[in-house]
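Working notes for the structure below.
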Amino acid sequence: AIADEIEARAEAITEIGTQETGLPEARLQGERGRTTGQLRLFASHILKGDYLDRRHDEALPDRQPLPRPDIKLVMRPIGPVAVFGASNFPLAFSTAGGDTAAALAAGCPVVVKGHGAHPGTGEIVAEAILAAIEKTGMPKGVFSLVQGGKRDVGQALVQHPLINAVGFTGSLGG
């Protein structure tokens, strides 16, 4: 649903994206395709049930040289994830990019720290995500976009006690 909403806003995203970043239309269109493709790939993964990836290795008490305990693996969401938008990829590594798509697909709420190099692009993509959340009946608060500020805003986000993971593609200083 997010991919559909992004595509519904394709023209506006490309227009503001070229103005904010100076990237050519073709580059943004390609990046948009990569982003929507990632979102659809994760959706397919969920619909097929592959995300469950449950595994059970039974105990081998007689194994030599040491016994093996009973091992069970179950994939679970870890809680809220902070994602930082990248300056050089206003779509594929930003508001709805791979880190956001992966976290949402895993069942984790996401707080995106939008990048100052393309705030308008981030806003339009965030609108697409929120529209998809509403259309699909997802819980309110599963996605948020924080704009503006300097490093202190990102630092506060990373240090917040409810944030359990961070997706970051960026500068050494950041």
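In the structure tokens, chains take the letters A, B, ... in the order shown, each chain's residues start at 1, and ligands count up from 1 in the order shown.
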Query raised in the report: Residues at most 12 Å from Asp70 in chain A, counting only C-alpha atoms, excluding those fewer than 2 positions away in the same chain, as JSON, numbers by chain?
Result: {"A": [55, 56, 57, 58, 59, 60, 61, 67, 68, 72, 73]}
For those residues, write N, CA, C and O atoms to a file as a PDB file, in the first residue's frame.
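Output saved as part14.pdb:
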ATOM      1  N   ARG A  55      12.413 -21.948  13.381  1.00  0.00           N
ATOM      2  CA  ARG A  55      13.326 -23.089  13.296  1.00  0.00           C
ATOM      3  C   ARG A  55      13.388 -23.795  14.647  1.00  0.00           C
ATOM      4  O   ARG A  55      13.318 -23.157  15.692  1.00  0.00           O
ATOM      5  N   HIS A  56      13.546 -25.113  14.572  1.00  0.00           N
ATOM      6  CA  HIS A  56      13.674 -25.882  15.805  1.00  0.00           C
ATOM      7  C   HIS A  56      14.704 -26.982  15.575  1.00  0.00           C
ATOM      8  O   HIS A  56      14.497 -27.873  14.766  1.00  0.00           O
ATOM      9  N   ASP A  57      15.793 -26.869  16.284  1.00  0.00           N
ATOM     10  CA  ASP A  57      16.814 -27.916  16.273  1.00  0.00           C
ATOM     11  C   ASP A  57      16.682 -28.661  17.600  1.00  0.00           C
ATOM     12  O   ASP A  57      16.962 -28.104  18.666  1.00  0.00           O
ATOM     13  N   GLU A  58      16.228 -29.880  17.510  1.00  0.00           N
ATOM     14  CA  GLU A  58      16.006 -30.665  18.734  1.00  0.00           C
ATOM     15  C   GLU A  58      17.321 -30.969  19.434  1.00  0.00           C
ATOM     16  O   GLU A  58      18.375 -31.057  18.808  1.00  0.00           O
ATOM     17  N   ALA A  59      17.211 -31.148  20.723  1.00  0.00           N
ATOM     18  CA  ALA A  59      18.380 -31.460  21.538  1.00  0.00           C
ATOM     19  C   ALA A  59      19.002 -32.781  21.091  1.00  0.00           C
ATOM     20  O   ALA A  59      18.304 -33.703  20.667  1.00  0.00           O
ATOM     21  N   LEU A  60      20.307 -32.828  21.162  1.00  0.00           N
ATOM     22  CA  LEU A  60      21.052 -34.056  20.892  1.00  0.00           C
ATOM     23  C   LEU A  60      21.908 -34.355  22.128  1.00  0.00           C
ATOM     24  O   LEU A  60      23.089 -34.016  22.181  1.00  0.00           O
ATOM     25  N   PRO A  61      21.309 -34.975  23.128  1.00  0.00           N
ATOM     26  CA  PRO A  61      22.018 -35.182  24.396  1.00  0.00           C
ATOM     27  C   PRO A  61      23.215 -36.126  24.271  1.00  0.00           C
ATOM     28  O   PRO A  61      24.155 -36.039  25.075  1.00  0.00           O
ATOM     29  N   PRO A  67      27.010 -32.439  24.166  1.00  0.00           N
ATOM     30  CA  PRO A  67      25.587 -32.486  23.812  1.00  0.00           C
ATOM     31  C   PRO A  67      25.130 -31.136  23.252  1.00  0.00           C
ATOM     32  O   PRO A  67      25.725 -30.102  23.537  1.00  0.00           O
ATOM     33  N   ARG A  68      24.080 -31.174  22.429  1.00  0.00           N
ATOM     34  CA  ARG A  68      23.498 -29.937  21.912  1.00  0.00           C
ATOM     35  C   ARG A  68      22.173 -29.710  22.615  1.00  0.00           C
ATOM     36  O   ARG A  68      21.345 -30.619  22.701  1.00  0.00           O
ATOM     37  N   LYS A  72      15.489 -23.156  19.670  1.00  0.00           N
ATOM     38  CA  LYS A  72      14.328 -22.663  18.927  1.00  0.00           C
ATOM     39  C   LYS A  72      14.591 -21.227  18.503  1.00  0.00           C
ATOM     40  O   LYS A  72      15.099 -20.422  19.281  1.00  0.00           O
ATOM     41  N   LEU A  73      14.226 -20.923  17.252  1.00  0.00           N
ATOM     42  CA  LEU A  73      14.360 -19.577  16.711  1.00  0.00           C
ATOM     43  C   LEU A  73      12.988 -19.109  16.272  1.00  0.00           C
ATOM     44  O   LEU A  73      12.297 -19.804  15.521  1.00  0.00           O
TER      45      LEU A  73
END
Report task. May I have the residues within 10 Å of range 99-107 of chain A as a ChimeraX atom specification, using only C-alpha atoms and disregarding those fewer than 5 positions away in the same chain? Result -> /A:2,35-36,38-46,51-52,75-85,92-94,112,142-143,165-169
Please identify every residue of range 109-131 of chain A that has at least one atom no farther than 10 Å from an atom of range 19-24 of chain A, counting only C-alpha atoms, and for each give the shortest atom pair and the distance in Å to one decimal, arranged by chain then increasing number, as JSON lines.
{"residue": "A:Gly116", "atom": "CA", "partner": "A:Glu20", "partner_atom": "CA", "distance": 9.6}
{"residue": "A:Ala117", "atom": "CA", "partner": "A:Glu20", "partner_atom": "CA", "distance": 6.7}
{"residue": "A:His118", "atom": "CA", "partner": "A:Glu20", "partner_atom": "CA", "distance": 5.5}
{"residue": "A:Pro119", "atom": "CA", "partner": "A:Glu20", "partner_atom": "CA", "distance": 8.1}
{"residue": "A:Gly120", "atom": "CA", "partner": "A:Glu20", "partner_atom": "CA", "distance": 7.7}
{"residue": "A:Thr121", "atom": "CA", "partner": "A:Glu20", "partner_atom": "CA", "distance": 7.9}
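Of note, CA of Val110 in chain A and CA of Ala96 in chain A are spaced 10.0 Å apart.
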Please provide as a PDB file with N, CA and C atoms, in the first residue's frame all residues within 12 Å of Ala131 in chain A, with the sequence filter that same-chain residues fewer than 3 positions apart are discarded (counting only C-alpha atoms).
ATOM      1  N   ALA A   1       0.828  -1.202   0.000  1.00  0.00           N
ATOM      2  CA  ALA A   1       0.000   0.000   0.000  1.00  0.00           C
ATOM      3  C   ALA A   1       0.869   1.262   0.000  1.00  0.00           C
ATOM      4  N   ILE A   2       1.998   1.211   0.718  1.00  0.00           N
ATOM      5  CA  ILE A   2       2.901   2.372   0.718  1.00  0.00           C
ATOM      6  C   ILE A   2       3.450   2.603  -0.690  1.00  0.00           C
ATOM      7  N   ALA A   3       3.848   1.530  -1.363  1.00  0.00           N
ATOM      8  CA  ALA A   3       4.373   1.662  -2.730  1.00  0.00           C
ATOM      9  C   ALA A   3       3.332   2.292  -3.648  1.00  0.00           C
ATOM     10  N   ASP A   4       2.081   1.867  -3.524  1.00  0.00           N
ATOM     11  CA  ASP A   4       1.012   2.436  -4.350  1.00  0.00           C
ATOM     12  C   ASP A   4       0.839   3.922  -4.065  1.00  0.00           C
ATOM     13  N   GLU A   5       0.891   4.284  -2.795  1.00  0.00           N
ATOM     14  CA  GLU A   5       0.716   5.696  -2.421  1.00  0.00           C
ATOM     15  C   GLU A   5       1.890   6.552  -2.904  1.00  0.00           C
ATOM     16  N   ILE A   6       3.091   5.992  -2.872  1.00  0.00           N
ATOM     17  CA  ILE A   6       4.251   6.729  -3.399  1.00  0.00           C
ATOM     18  C   ILE A   6       4.088   6.931  -4.898  1.00  0.00           C
ATOM     19  N   ALA A   8       1.365   7.085  -6.539  1.00  0.00           N
ATOM     20  CA  ALA A   8       0.290   8.054  -6.769  1.00  0.00           C
ATOM     21  C   ALA A   8       0.799   9.490  -6.649  1.00  0.00           C
ATOM     22  N   ARG A   9       1.907   9.660  -5.956  1.00  0.00           N
ATOM     23  CA  ARG A   9       2.502  10.987  -5.757  1.00  0.00           C
ATOM     24  C   ARG A   9       3.792  11.143  -6.564  1.00  0.00           C
ATOM     25  N   ILE A 124       6.374  14.540   1.484  1.00  0.00           N
ATOM     26  CA  ILE A 124       5.440  13.903   0.547  1.00  0.00           C
ATOM     27  C   ILE A 124       5.453  12.388   0.737  1.00  0.00           C
ATOM     28  N   VAL A 125       6.631  11.815   0.910  1.00  0.00           N
ATOM     29  CA  VAL A 125       6.728  10.367   1.122  1.00  0.00           C
ATOM     30  C   VAL A 125       6.076   9.988   2.453  1.00  0.00           C
ATOM     31  N   ALA A 126       6.264  10.808   3.478  1.00  0.00           N
ATOM     32  CA  ALA A 126       5.613  10.548   4.769  1.00  0.00           C
ATOM     33  C   ALA A 126       4.093  10.586   4.626  1.00  0.00           C
ATOM     34  N   GLU A 127       3.577  11.528   3.833  1.00  0.00           N
ATOM     35  CA  GLU A 127       2.133  11.575   3.566  1.00  0.00           C
ATOM     36  C   GLU A 127       1.664  10.285   2.910  1.00  0.00           C
ATOM     37  N   ALA A 128       2.474   9.751   1.998  1.00  0.00           N
ATOM     38  CA  ALA A 128       2.128   8.488   1.330  1.00  0.00           C
ATOM     39  C   ALA A 128       2.084   7.341   2.342  1.00  0.00           C
ATOM     40  N   GLU A 134      -3.451   4.451   7.081  1.00  0.00           N
ATOM     41  CA  GLU A 134      -4.883   4.655   7.298  1.00  0.00           C
ATOM     42  C   GLU A 134      -5.716   3.689   6.451  1.00  0.00           C
ATOM     43  N   LYS A 135      -5.360   3.530   5.182  1.00  0.00           N
ATOM     44  CA  LYS A 135      -6.114   2.647   4.286  1.00  0.00           C
ATOM     45  C   LYS A 135      -6.080   1.194   4.733  1.00  0.00           C
ATOM     46  N   THR A 136      -4.972   0.775   5.320  1.00  0.00           N
ATOM     47  CA  THR A 136      -4.819  -0.634   5.701  1.00  0.00           C
ATOM     48  C   THR A 136      -5.201  -0.902   7.153  1.00  0.00           C
ATOM     49  N   GLY A 137      -5.581   0.138   7.888  1.00  0.00           N
ATOM     50  CA  GLY A 137      -6.013  -0.050   9.264  1.00  0.00           C
ATOM     51  C   GLY A 137      -4.890  -0.331  10.242  1.00  0.00           C
ATOM     52  N   MET A 138      -3.678   0.071   9.896  1.00  0.00           N
ATOM     53  CA  MET A 138      -2.555  -0.101  10.828  1.00  0.00           C
ATOM     54  C   MET A 138      -2.747   0.844  12.017  1.00  0.00           C
ATOM     55  N   LYS A 140      -2.356   3.765  14.629  1.00  0.00           N
ATOM     56  CA  LYS A 140      -1.788   5.112  14.581  1.00  0.00           C
ATOM     57  C   LYS A 140      -0.494   5.105  15.396  1.00  0.00           C
ATOM     58  N   PHE A 143       4.221   4.995  12.443  1.00  0.00           N
ATOM     59  CA  PHE A 143       5.201   5.749  11.669  1.00  0.00           C
ATOM     60  C   PHE A 143       5.149   7.212  12.068  1.00  0.00           C
TER      61      PHE A 143
END
Query raised in the report: Contacts of Gly174 in chain A at 12 Å or less, counting only C-alpha atoms, minus same-chain residues fewer than 5 places along, as a PyMOL selection string?
Result: chain A and resi 84-87+115+150-155+158+168-169
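Checking A:Gly49, A:Ala10, A:Cys108, A:Gly98 one by one against Ile163 in chain A, counting only C-alpha atoms, you find the shortest gap at A:Cys108.
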